[in-house]
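Inspection log for the structure reproduced underneath, given as structure tokens.
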Amino acid sequence: RHTRDYAAAHAKYLASRCAKLPFPSLLGKGPGDGVCRSQRKQGRHCMSPVTRSKAIAVVGQIIGYTEAQVSESVIGLRRQTMAIDSIRQMTVEEYFAFDEASEYKNEYIDGEVYPMTGGTAYHAEIMYNVGFALGLRLRDGNFHFYTSAMRNSVSPTRYLYPDFSIVRGEPELDEGAINLFNPTLVAEVISPATAARDRGFKREQYQSIPSLQVYLVIDQFKAQVEVDSRQDDRWQTQEYAGLDAIVPLPALDCDLPLAEIYSGIEF
């Protein structure tokens with residue numbers, strides 16, 4: 001496990017280096033590499049397309065992803081870095097007003113506002129697939145399915161936007177129907193750029209919601225789903241991998257095959 005964790009951390013480091021566009025020390029300079037005029041004052045190196053392609057291939061071999069998947073991850077890392085650089089301090093009331101007027105969604109943790117990064121084509125396809133599959137299974141029951149536009153209240157000073165939320169029974173909403181207080185299930189579709197936060201900080205936050213029974217972590221680059229289920233006062237985690245696997249969701253009285261989650265997606 002420690003070896004896997006180290007390899008994952010090292011791969012993430014290499015991906016971040018690729019996102020920031022040095023990498024000459026790993027690959028050697030390629031044709032066209034050097035210091036860009038616009039970046040000469042900062043002493044930053046820029047890559048030629050040839051060297052950049054080599055860098056993406058190296059990262060892909062380490063992580064086990066295709067070059068297209070690494071490219072998507074690099075874009076996510078850039079967006080995440082930009083989001084971290086633009087964290088703002090606000091009161092809850094100021095955050096509500098700011099988030100409503102903003103062109104993008106923002107999460108809120110104890111006075112700090114975190115702009116959310118954009119998704120990928122894989123992310124969008126998985127969201128559609130899950131929504132369609134669960135919609136068919138839950139349409140005759142007392143369930144409410146919410147997309148990533150629904151803000152979930154973790155506490156009076158913490159608000160997050162999961163990729164989707166499901167409520168069994170009547171939803172508890174504020175007057176504007178903007179904040180959800182009693183999700184039964186929440187899910188995040190992860191990428192290498194968001195995996196650490198979704199598996200760490202966000203997992204802890206969601207599990208602190210009294211009504212929550214299930215937290216899904218869905219990988220977008222391989223057929224794998226992690227399921228956190230509340231058992232009395234404890235949480236148990238089970239991993240399901242491969243297109244033949246089926247995720248049991250007793251909290252929703254249904255199952256969810258991975259073949260349906262990843263329908264139309266080629267790895």
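Residues in the structure tokens are named by chain (A, B, ... in the order shown) and by number from 1 within that chain; ligands are numbered from 1 in the order shown.
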Quiz prompt | Neighbour list for Phe145 in chain A as JSON, numbers by chain, cut-off 7 Å, only C-alpha atoms, skip fewer than 2 positions in-chain | solution = {"A": [143, 147, 165, 166, 167]}
Exercise. Would you mind listing what lies within 12 Å of Pro257 in chain A as a PyMOL selection string, with only C-alpha atoms counted and same-chain residues fewer than 2 positions away left out?
Key: chain A and resi 129-130+133-134+137+223-225+240-249+254-255+259-263
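For the pair CA of Val227 in chain A and CA of Glu239 in chain A, the separation is 6.2 Å.
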So that I can check the secondary structure, give me every residue of range 48-267 of chain A assigned strand (DSSP E or B) by backbone DSSP, as a JSON list (two decimals) with N, CA, C and O atoms, in the first residue's frame.
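So states.json came out as:
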```json
[["chain", "number", "residue", "atom", "x", "y", "z"],
["A", 88, "ARG", "N", -11.34, 33.08, -1.67],
["A", 88, "ARG", "CA", -11.77, 34.33, -1.07],
["A", 88, "ARG", "C", -12.30, 34.11, 0.33],
["A", 88, "ARG", "O", -12.76, 33.02, 0.65],
["A", 89, "GLN", "N", -12.27, 35.16, 1.14],
["A", 89, "GLN", "CA", -12.82, 35.14, 2.49],
["A", 89, "GLN", "C", -14.16, 35.86, 2.49],
["A", 89, "GLN", "O", -14.26, 36.99, 2.00],
["A", 106, "ASN", "N", -19.33, 27.61, -6.46],
["A", 106, "ASN", "CA", -18.30, 27.83, -5.45],
["A", 106, "ASN", "C", -18.68, 27.08, -4.18],
["A", 106, "ASN", "O", -19.83, 27.10, -3.76],
["A", 107, "GLU", "N", -17.71, 26.41, -3.58],
["A", 107, "GLU", "CA", -17.94, 25.75, -2.31],
["A", 107, "GLU", "C", -17.45, 26.63, -1.17],
["A", 107, "GLU", "O", -16.63, 27.54, -1.37],
["A", 108, "TYR", "N", -17.95, 26.36, 0.02],
["A", 108, "TYR", "CA", -17.70, 27.26, 1.15],
["A", 108, "TYR", "C", -17.32, 26.44, 2.38],
["A", 108, "TYR", "O", -18.06, 25.54, 2.80],
["A", 109, "ILE", "N", -16.17, 26.74, 2.97],
["A", 109, "ILE", "CA", -15.70, 26.05, 4.16],
["A", 109, "ILE", "C", -15.21, 27.07, 5.18],
["A", 109, "ILE", "O", -14.15, 27.69, 5.01],
["A", 112, "GLU", "N", -14.11, 30.49, 3.89],
["A", 112, "GLU", "CA", -13.32, 30.51, 2.65],
["A", 112, "GLU", "C", -14.14, 29.97, 1.49],
["A", 112, "GLU", "O", -14.81, 28.94, 1.61],
["A", 113, "VAL", "N", -14.08, 30.67, 0.36],
["A", 113, "VAL", "CA", -14.82, 30.30, -0.83],
["A", 113, "VAL", "C", -13.88, 29.65, -1.83],
["A", 113, "VAL", "O", -12.83, 30.21, -2.16],
["A", 114, "TYR", "N", -14.25, 28.47, -2.32],
["A", 114, "TYR", "CA", -13.42, 27.70, -3.25],
["A", 114, "TYR", "C", -14.12, 27.57, -4.60],
["A", 114, "TYR", "O", -15.11, 26.83, -4.71],
["A", 115, "PRO", "N", -13.65, 28.25, -5.63],
["A", 115, "PRO", "CA", -14.23, 28.07, -6.96],
["A", 115, "PRO", "C", -14.04, 26.64, -7.44],
["A", 115, "PRO", "O", -12.99, 26.04, -7.23],
["A", 143, "PHE", "N", -38.29, 9.06, -4.21],
["A", 143, "PHE", "CA", -36.89, 9.50, -4.29],
["A", 143, "PHE", "C", -36.80, 10.80, -5.07],
["A", 143, "PHE", "O", -37.61, 11.06, -5.97],
["A", 144, "HIS", "N", -35.79, 11.58, -4.76],
["A", 144, "HIS", "CA", -35.53, 12.84, -5.46],
["A", 144, "HIS", "C", -34.06, 12.85, -5.89],
["A", 144, "HIS", "O", -33.17, 12.70, -5.05],
["A", 145, "PHE", "N", -33.83, 13.00, -7.20],
["A", 145, "PHE", "CA", -32.48, 13.00, -7.76],
["A", 145, "PHE", "C", -32.09, 14.44, -8.10],
["A", 145, "PHE", "O", -32.83, 15.14, -8.80],
["A", 146, "TYR", "N", -30.92, 14.86, -7.63],
["A", 146, "TYR", "CA", -30.45, 16.23, -7.89],
["A", 146, "TYR", "C", -29.09, 16.19, -8.58],
["A", 146, "TYR", "O", -28.21, 15.40, -8.22],
["A", 151, "ARG", "N", -26.75, 22.53, -4.08],
["A", 151, "ARG", "CA", -25.77, 22.75, -3.03],
["A", 151, "ARG", "C", -26.19, 21.99, -1.77],
["A", 151, "ARG", "O", -27.34, 22.06, -1.34],
["A", 152, "ASN", "N", -25.26, 21.25, -1.19],
["A", 152, "ASN", "CA", -25.54, 20.47, 0.02],
["A", 152, "ASN", "C", -24.95, 21.16, 1.24],
["A", 152, "ASN", "O", -23.79, 21.59, 1.22],
["A", 153, "SER", "N", -25.74, 21.24, 2.30],
["A", 153, "SER", "CA", -25.28, 21.84, 3.54],
["A", 153, "SER", "C", -24.67, 20.76, 4.43],
["A", 153, "SER", "O", -25.36, 19.82, 4.83],
["A", 154, "VAL", "N", -23.39, 20.91, 4.72],
["A", 154, "VAL", "CA", -22.71, 20.01, 5.65],
["A", 154, "VAL", "C", -22.89, 20.50, 7.08],
["A", 154, "VAL", "O", -23.10, 19.71, 8.00],
["A", 155, "SER", "N", -22.82, 21.80, 7.25],
["A", 155, "SER", "CA", -23.03, 22.47, 8.53],
["A", 155, "SER", "C", -23.40, 23.91, 8.23],
["A", 155, "SER", "O", -23.37, 24.33, 7.07],
["A", 158, "ARG", "N", -20.49, 25.28, 6.25],
["A", 158, "ARG", "CA", -19.84, 24.46, 5.23],
["A", 158, "ARG", "C", -20.87, 24.01, 4.19],
["A", 158, "ARG", "O", -21.88, 23.39, 4.54],
["A", 159, "TYR", "N", -20.56, 24.30, 2.91],
["A", 159, "TYR", "CA", -21.48, 23.98, 1.80],
["A", 159, "TYR", "C", -20.67, 23.41, 0.64],
["A", 159, "TYR", "O", -19.67, 24.00, 0.22],
["A", 160, "LEU", "N", -21.13, 22.26, 0.14],
["A", 160, "LEU", "CA", -20.44, 21.58, -0.94],
["A", 160, "LEU", "C", -21.40, 21.27, -2.09],
["A", 160, "LEU", "O", -22.61, 21.18, -1.89],
["A", 164, "PHE", "N", -23.78, 14.51, -7.78],
["A", 164, "PHE", "CA", -25.23, 14.32, -7.70],
["A", 164, "PHE", "C", -25.62, 13.89, -6.30],
["A", 164, "PHE", "O", -24.80, 13.38, -5.53],
["A", 165, "SER", "N", -26.87, 14.15, -5.95],
["A", 165, "SER", "CA", -27.42, 13.83, -4.63],
["A", 165, "SER", "C", -28.76, 13.15, -4.82],
["A", 165, "SER", "O", -29.50, 13.46, -5.76],
["A", 166, "ILE", "N", -29.08, 12.24, -3.91],
["A", 166, "ILE", "CA", -30.37, 11.56, -3.92],
["A", 166, "ILE", "C", -30.96, 11.60, -2.51],
["A", 166, "ILE", "O", -30.24, 11.34, -1.53],
["A", 167, "VAL", "N", -32.23, 11.92, -2.44],
["A", 167, "VAL", "CA", -32.95, 11.93, -1.17],
["A", 167, "VAL", "C", -34.03, 10.86, -1.21],
["A", 167, "VAL", "O", -34.80, 10.80, -2.16],
["A", 168, "ARG", "N", -34.07, 10.06, -0.17],
["A", 168, "ARG", "CA", -35.18, 9.12, -0.02],
["A", 168, "ARG", "C", -36.20, 9.75, 0.93],
["A", 168, "ARG", "O", -35.88, 10.08, 2.06],
["A", 173, "LEU", "N", -35.23, 21.45, 2.30],
["A", 173, "LEU", "CA", -34.62, 22.53, 1.53],
["A", 173, "LEU", "C", -34.84, 23.86, 2.23],
["A", 173, "LEU", "O", -35.74, 23.99, 3.06],
["A", 179, "ASN", "N", -30.39, 25.06, -1.04],
["A", 179, "ASN", "CA", -29.57, 24.23, -0.17],
["A", 179, "ASN", "C", -30.34, 22.98, 0.26],
["A", 179, "ASN", "O", -31.48, 23.06, 0.71],
["A", 180, "LEU", "N", -29.68, 21.83, 0.12],
["A", 180, "LEU", "CA", -30.25, 20.56, 0.54],
["A", 180, "LEU", "C", -29.63, 20.15, 1.88],
["A", 180, "LEU", "O", -28.40, 20.20, 2.03],
["A", 185, "LEU", "N", -27.86, 9.88, -0.38],
["A", 185, "LEU", "CA", -26.67, 9.48, -1.12],
["A", 185, "LEU", "C", -26.08, 10.68, -1.82],
["A", 185, "LEU", "O", -26.81, 11.51, -2.36],
["A", 186, "VAL", "N", -24.75, 10.80, -1.79],
["A", 186, "VAL", "CA", -24.05, 11.79, -2.61],
["A", 186, "VAL", "C", -22.93, 11.07, -3.35],
["A", 186, "VAL", "O", -22.46, 10.01, -2.91],
["A", 187, "ALA", "N", -22.50, 11.64, -4.47],
["A", 187, "ALA", "CA", -21.46, 11.01, -5.27],
["A", 187, "ALA", "C", -20.54, 12.05, -5.87],
["A", 187, "ALA", "O", -20.96, 13.17, -6.16],
["A", 188, "GLU", "N", -19.30, 11.64, -6.07],
["A", 188, "GLU", "CA", -18.31, 12.45, -6.77],
["A", 188, "GLU", "C", -17.68, 11.61, -7.87],
["A", 188, "GLU", "O", -17.32, 10.45, -7.65],
["A", 189, "VAL", "N", -17.59, 12.18, -9.07],
["A", 189, "VAL", "CA", -16.86, 11.56, -10.18],
["A", 189, "VAL", "C", -15.47, 12.16, -10.17],
["A", 189, "VAL", "O", -15.30, 13.35, -10.39],
["A", 190, "ILE", "N", -14.47, 11.34, -9.89],
["A", 190, "ILE", "CA", -13.14, 11.88, -9.61],
["A", 190, "ILE", "C", -12.22, 11.80, -10.82],
["A", 190, "ILE", "O", -12.44, 11.02, -11.75],
["A", 214, "VAL", "N", -24.97, 6.75, 2.05],
["A", 214, "VAL", "CA", -24.06, 6.23, 1.03],
["A", 214, "VAL", "C", -23.26, 7.37, 0.40],
["A", 214, "VAL", "O", -23.82, 8.42, 0.08],
["A", 215, "TYR", "N", -21.95, 7.14, 0.22],
["A", 215, "TYR", "CA", -21.11, 8.06, -0.52],
["A", 215, "TYR", "C", -20.41, 7.26, -1.62],
["A", 215, "TYR", "O", -19.72, 6.28, -1.34],
["A", 216, "LEU", "N", -20.62, 7.66, -2.87],
["A", 216, "LEU", "CA", -20.01, 7.01, -4.02],
["A", 216, "LEU", "C", -18.83, 7.82, -4.55],
["A", 216, "LEU", "O", -18.95, 9.04, -4.72],
["A", 217, "VAL", "N", -17.72, 7.15, -4.80],
["A", 217, "VAL", "CA", -16.57, 7.76, -5.46],
["A", 217, "VAL", "C", -16.38, 7.02, -6.77],
["A", 217, "VAL", "O", -15.99, 5.85, -6.79],
["A", 218, "ILE", "N", -16.68, 7.69, -7.88],
["A", 218, "ILE", "CA", -16.68, 7.06, -9.20],
["A", 218, "ILE", "C", -15.47, 7.53, -10.00],
["A", 218, "ILE", "O", -15.31, 8.73, -10.24],
["A", 219, "ASP", "N", -14.62, 6.61, -10.39],
["A", 219, "ASP", "CA", -13.45, 6.94, -11.20],
["A", 219, "ASP", "C", -13.90, 7.17, -12.64],
["A", 219, "ASP", "O", -14.71, 6.40, -13.16],
["A", 224, "GLN", "N", -14.22, 1.67, -11.94],
["A", 224, "GLN", "CA", -14.03, 1.45, -10.50],
["A", 224, "GLN", "C", -14.91, 2.40, -9.70],
["A", 224, "GLN", "O", -14.95, 3.60, -9.98],
["A", 225, "VAL", "N", -15.60, 1.86, -8.72],
["A", 225, "VAL", "CA", -16.46, 2.65, -7.85],
["A", 225, "VAL", "C", -16.19, 2.26, -6.40],
["A", 225, "VAL", "O", -16.18, 1.06, -6.07],
["A", 226, "GLU", "N", -15.96, 3.26, -5.55],
["A", 226, "GLU", "CA", -15.83, 3.02, -4.12],
["A", 226, "GLU", "C", -17.14, 3.41, -3.45],
["A", 226, "GLU", "O", -17.68, 4.48, -3.72],
["A", 227, "VAL", "N", -17.63, 2.53, -2.58],
["A", 227, "VAL", "CA", -18.91, 2.75, -1.92],
["A", 227, "VAL", "C", -18.70, 2.81, -0.42],
["A", 227, "VAL", "O", -18.27, 1.82, 0.19],
["A", 228, "ASP", "N", -18.98, 3.95, 0.18],
["A", 228, "ASP", "CA", -18.99, 4.09, 1.63],
["A", 228, "ASP", "C", -20.43, 3.94, 2.11],
["A", 228, "ASP", "O", -21.30, 4.71, 1.69],
["A", 229, "SER", "N", -20.67, 2.98, 2.99],
["A", 229, "SER", "CA", -22.02, 2.74, 3.50],
["A", 229, "SER", "C", -22.03, 2.89, 5.02],
["A", 229, "SER", "O", -21.14, 2.38, 5.71],
["A", 230, "ARG", "N", -23.05, 3.57, 5.52],
["A", 230, "ARG", "CA", -23.19, 3.72, 6.96],
["A", 230, "ARG", "C", -23.80, 2.45, 7.55],
["A", 230, "ARG", "O", -24.88, 2.02, 7.13],
["A", 231, "GLN", "N", -23.10, 1.86, 8.49],
["A", 231, "GLN", "CA", -23.59, 0.69, 9.21],
["A", 231, "GLN", "C", -23.70, 1.06, 10.69],
["A", 231, "GLN", "O", -22.70, 1.11, 11.40],
["A", 234, "ARG", "N", -21.01, 3.40, 12.16],
["A", 234, "ARG", "CA", -19.70, 3.22, 11.53],
["A", 234, "ARG", "C", -19.87, 3.24, 10.01],
["A", 234, "ARG", "O", -20.94, 2.95, 9.48],
["A", 235, "TRP", "N", -18.76, 3.58, 9.33],
["A", 235, "TRP", "CA", -18.75, 3.59, 7.87],
["A", 235, "TRP", "C", -17.88, 2.45, 7.37],
["A", 235, "TRP", "O", -16.79, 2.22, 7.89],
["A", 236, "GLN", "N", -18.37, 1.74, 6.37],
["A", 236, "GLN", "CA", -17.61, 0.67, 5.74],
["A", 236, "GLN", "C", -17.43, 0.99, 4.26],
["A", 236, "GLN", "O", -18.35, 1.49, 3.61],
["A", 237, "THR", "N", -16.23, 0.70, 3.75],
["A", 237, "THR", "CA", -15.91, 1.00, 2.35],
["A", 237, "THR", "C", -15.72, -0.29, 1.57],
["A", 237, "THR", "O", -15.03, -1.20, 2.02],
["A", 238, "GLN", "N", -16.35, -0.36, 0.41],
["A", 238, "GLN", "CA", -16.22, -1.51, -0.48],
["A", 238, "GLN", "C", -15.90, -1.01, -1.88],
["A", 238, "GLN", "O", -16.51, -0.04, -2.35],
["A", 239, "GLU", "N", -14.96, -1.64, -2.54],
["A", 239, "GLU", "CA", -14.57, -1.24, -3.89],
["A", 239, "GLU", "C", -15.11, -2.23, -4.91],
["A", 239, "GLU", "O", -15.04, -3.44, -4.70],
["A", 240, "TYR", "N", -15.62, -1.71, -6.02],
["A", 240, "TYR", "CA", -16.13, -2.54, -7.11],
["A", 240, "TYR", "C", -15.40, -2.15, -8.38],
["A", 240, "TYR", "O", -15.35, -0.97, -8.74],
["A", 241, "ALA", "N", -14.82, -3.13, -9.06],
["A", 241, "ALA", "CA", -14.01, -2.84, -10.24],
["A", 241, "ALA", "C", -14.36, -3.80, -11.37],
["A", 241, "ALA", "O", -14.70, -4.97, -11.14],
["A", 246, "ILE", "N", -21.30, -5.15, -9.99],
["A", 246, "ILE", "CA", -22.59, -4.51, -9.71],
["A", 246, "ILE", "C", -22.55, -3.92, -8.31],
["A", 246, "ILE", "O", -22.21, -4.60, -7.34],
["A", 247, "VAL", "N", -22.88, -2.65, -8.20],
["A", 247, "VAL", "CA", -22.86, -1.95, -6.90],
["A", 247, "VAL", "C", -24.23, -2.11, -6.23],
["A", 247, "VAL", "O", -25.24, -1.65, -6.76],
["A", 248, "PRO", "N", -24.29, -2.76, -5.08],
["A", 248, "PRO", "CA", -25.56, -2.85, -4.35],
["A", 248, "PRO", "C", -25.84, -1.56, -3.60],
["A", 248, "PRO", "O", -24.96, -1.01, -2.95],
["A", 249, "LEU", "N", -27.07, -1.07, -3.71],
["A", 249, "LEU", "CA", -27.46, 0.16, -3.03],
["A", 249, "LEU", "C", -28.73, -0.10, -2.22],
["A", 249, "LEU", "O", -29.82, 0.32, -2.60],
["A", 254, "CYS", "N", -32.01, -0.76, -4.72],
["A", 254, "CYS", "CA", -31.66, -1.11, -6.10],
["A", 254, "CYS", "C", -30.18, -1.42, -6.21],
["A", 254, "CYS", "O", -29.42, -1.27, -5.24],
["A", 255, "ASP", "N", -29.78, -1.89, -7.38],
["A", 255, "ASP", "CA", -28.38, -2.14, -7.71],
["A", 255, "ASP", "C", -27.99, -1.25, -8.89],
["A", 255, "ASP", "O", -28.85, -0.82, -9.66],
["A", 256, "LEU", "N", -26.68, -1.03, -9.04],
["A", 256, "LEU", "CA", -26.19, -0.20, -10.14],
["A", 256, "LEU", "C", -25.01, -0.89, -10.81],
["A", 256, "LEU", "O", -23.90, -0.90, -10.27],
["A", 257, "PRO", "N", -25.20, -1.49, -11.99],
["A", 257, "PRO", "CA", -24.11, -2.17, -12.70],
["A", 257, "PRO", "C", -23.09, -1.16, -13.23],
["A", 257, "PRO", "O", -23.45, -0.11, -13.76]]
```
